[in-house]
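Accompanying notes for the structure given below.
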Amino acid sequence: MAPLDRRRLRTGHPPQAVPIQRPPEEEWPVSSNDSAEHDSLMPRSRRQDVDPIFGYLMAMALSIGLTPVPDNTRYVALWAALALMGATAFVLGSGIRMKVTDPGDLIWGVGLGLITGGGLMLVGWDTLAVTAERLFAMGQDDSALLNTWIFQATAFVMPLSESLFFRGAMQRVHSIPTVALLASAWSMLMFFPNLGLSETPVVGFVIGTALVVLNFLYSYVNYRHGLAASIVCQVIAGTLLLLVPRLLAG
């Protein structure tokens, strides 16, 4: 069988191995006694991918268990756990690809991040600025330090950890809607306890809808343009929604 060309493969489910096929019986006649022995000697792939759902359940349980921990410490611990699982899948050769074969893919990631993030900013800069402060401030009065922490979270920590796990590892074995909904549930469980939504449930609905839209976008960009483009898209959208409103409000 001819080797597969995977340079432009845009699916989350690339084949794990190309099976070795025997010629038809009329071209390679064997007796019934030899057939079983021949099958036992045929090489087989020893690699078995572990379903990331197991890691996802562990991460969700950890998110619930760390609820009493200070917010920023909890974020770092949870993102570190996701990054560790995603990096493990990458190192063990589960098929995660970071190489960019077409620079146009990155342009698509930047463009879709700008369009979607800019559209969601119509919710209101003041609302988004308050949201960012509730998520990351934790009583921090130093505005410059807070902005630095938000920049680090939206430009590095959150995109890398979530993209490696959800778009890199999980999307290889699950469909885009499944990955997007699971990633949205993860984000809601992480952020909603810090937003004080009991008094403003409408804000919770708006933010929850935005999270679902964004996670569908990231999974789609990963499917069409690759993991690197998906990371760039998340960096752009997250920065527009959490950091830029803070800078404009200040």
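Following the order of the structure tokens, first chain is A, next is B, and so on, with residues numbered from 1 inside each chain and ligands from 1 in the order they appear.
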Legend entry - Residue contacts of A:Ala180 (7 Å, only C-alpha atoms) excluding same-chain residues fewer than 2 positions away, as an MDAnalysis selection string: chainID A and resid 176:178 182:184 212 215:216 219
Taking N, CA and C atoms for each residue, export the selection above as a compact mmCIF listing (two decimals), in the first residue's frame.
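After the write, out.txt holds the following:
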```
# COMPACT_ATOMS: atom_id res chain seq x y z
N ILE A 176 -15.87 17.18 16.50
CA ILE A 176 -15.78 18.60 16.85
C ILE A 176 -16.85 19.01 17.85
N PRO A 177 -18.14 18.67 17.65
CA PRO A 177 -19.15 19.07 18.65
C PRO A 177 -18.86 18.52 20.04
N THR A 178 -18.41 17.27 20.11
CA THR A 178 -18.11 16.67 21.41
C THR A 178 -16.97 17.41 22.10
N LEU A 182 -17.31 19.68 25.55
CA LEU A 182 -16.53 19.29 26.73
C LEU A 182 -15.59 20.41 27.15
N ALA A 183 -14.96 21.08 26.18
CA ALA A 183 -14.09 22.20 26.51
C ALA A 183 -14.87 23.35 27.12
N SER A 184 -16.09 23.59 26.63
CA SER A 184 -16.92 24.66 27.18
C SER A 184 -17.33 24.34 28.62
N VAL A 212 -18.99 28.67 24.37
CA VAL A 212 -19.35 27.61 23.43
C VAL A 212 -18.96 28.00 22.00
N ASN A 215 -15.10 27.82 21.60
CA ASN A 215 -14.55 26.46 21.56
C ASN A 215 -14.91 25.74 20.27
N PHE A 216 -16.09 26.01 19.71
CA PHE A 216 -16.41 25.49 18.39
C PHE A 216 -15.45 26.08 17.35
N SER A 219 -11.93 24.45 17.61
CA SER A 219 -11.93 23.09 17.07
C SER A 219 -12.03 23.11 15.55
```
Legend entry - Surrounding residues of A:Leu82 excluding itself and chain neighbours under 2 positions, 7 Å, only C-alpha atoms, as a ChimeraX atom specification: /A:78-80,84-86,161-162,165
Within 12 Å of stretch 96-108 of chain A, which residues of stretch 67-89 of chain A show up? Give each one with its shortest atom-to-atom distance in Å (one decimal) and the two atoms involved, counting only C-alpha atoms, rows by chain then rising residue number, as CSV.
```
residue,atom,partner,partner_atom,distance
A:Gly86,CA,A:Ile96,CA,9.2
A:Ala87,CA,A:Ile96,CA,9.5
A:Thr88,CA,A:Ile96,CA,10.5
A:Ala89,CA,A:Ile96,CA,7.6
```
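Shortest separation to A:Tyr56 among A:Asp71, A:Val179, A:Gly119, A:Met158 occurs at residue A:Val179, atoms counted being only C-alpha atoms.
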Legend entry - From A:Thr127, A:Thr209, A:Thr148, A:Asn222, residue lying nearest A:Leu181 [only C-alpha atoms]: A:Thr209
Inset, instruction - Using DSSP on the backbone, list every residue of stretch 28-249 of chain A that comes out as helix (DSSP H, G or I), and give them as a VMD selection string. - result: chain A and resid 32 to 41 53 to 65 71 to 91 103 to 123 125 to 136 143 to 172 176 to 194 201 to 225 227 to 249
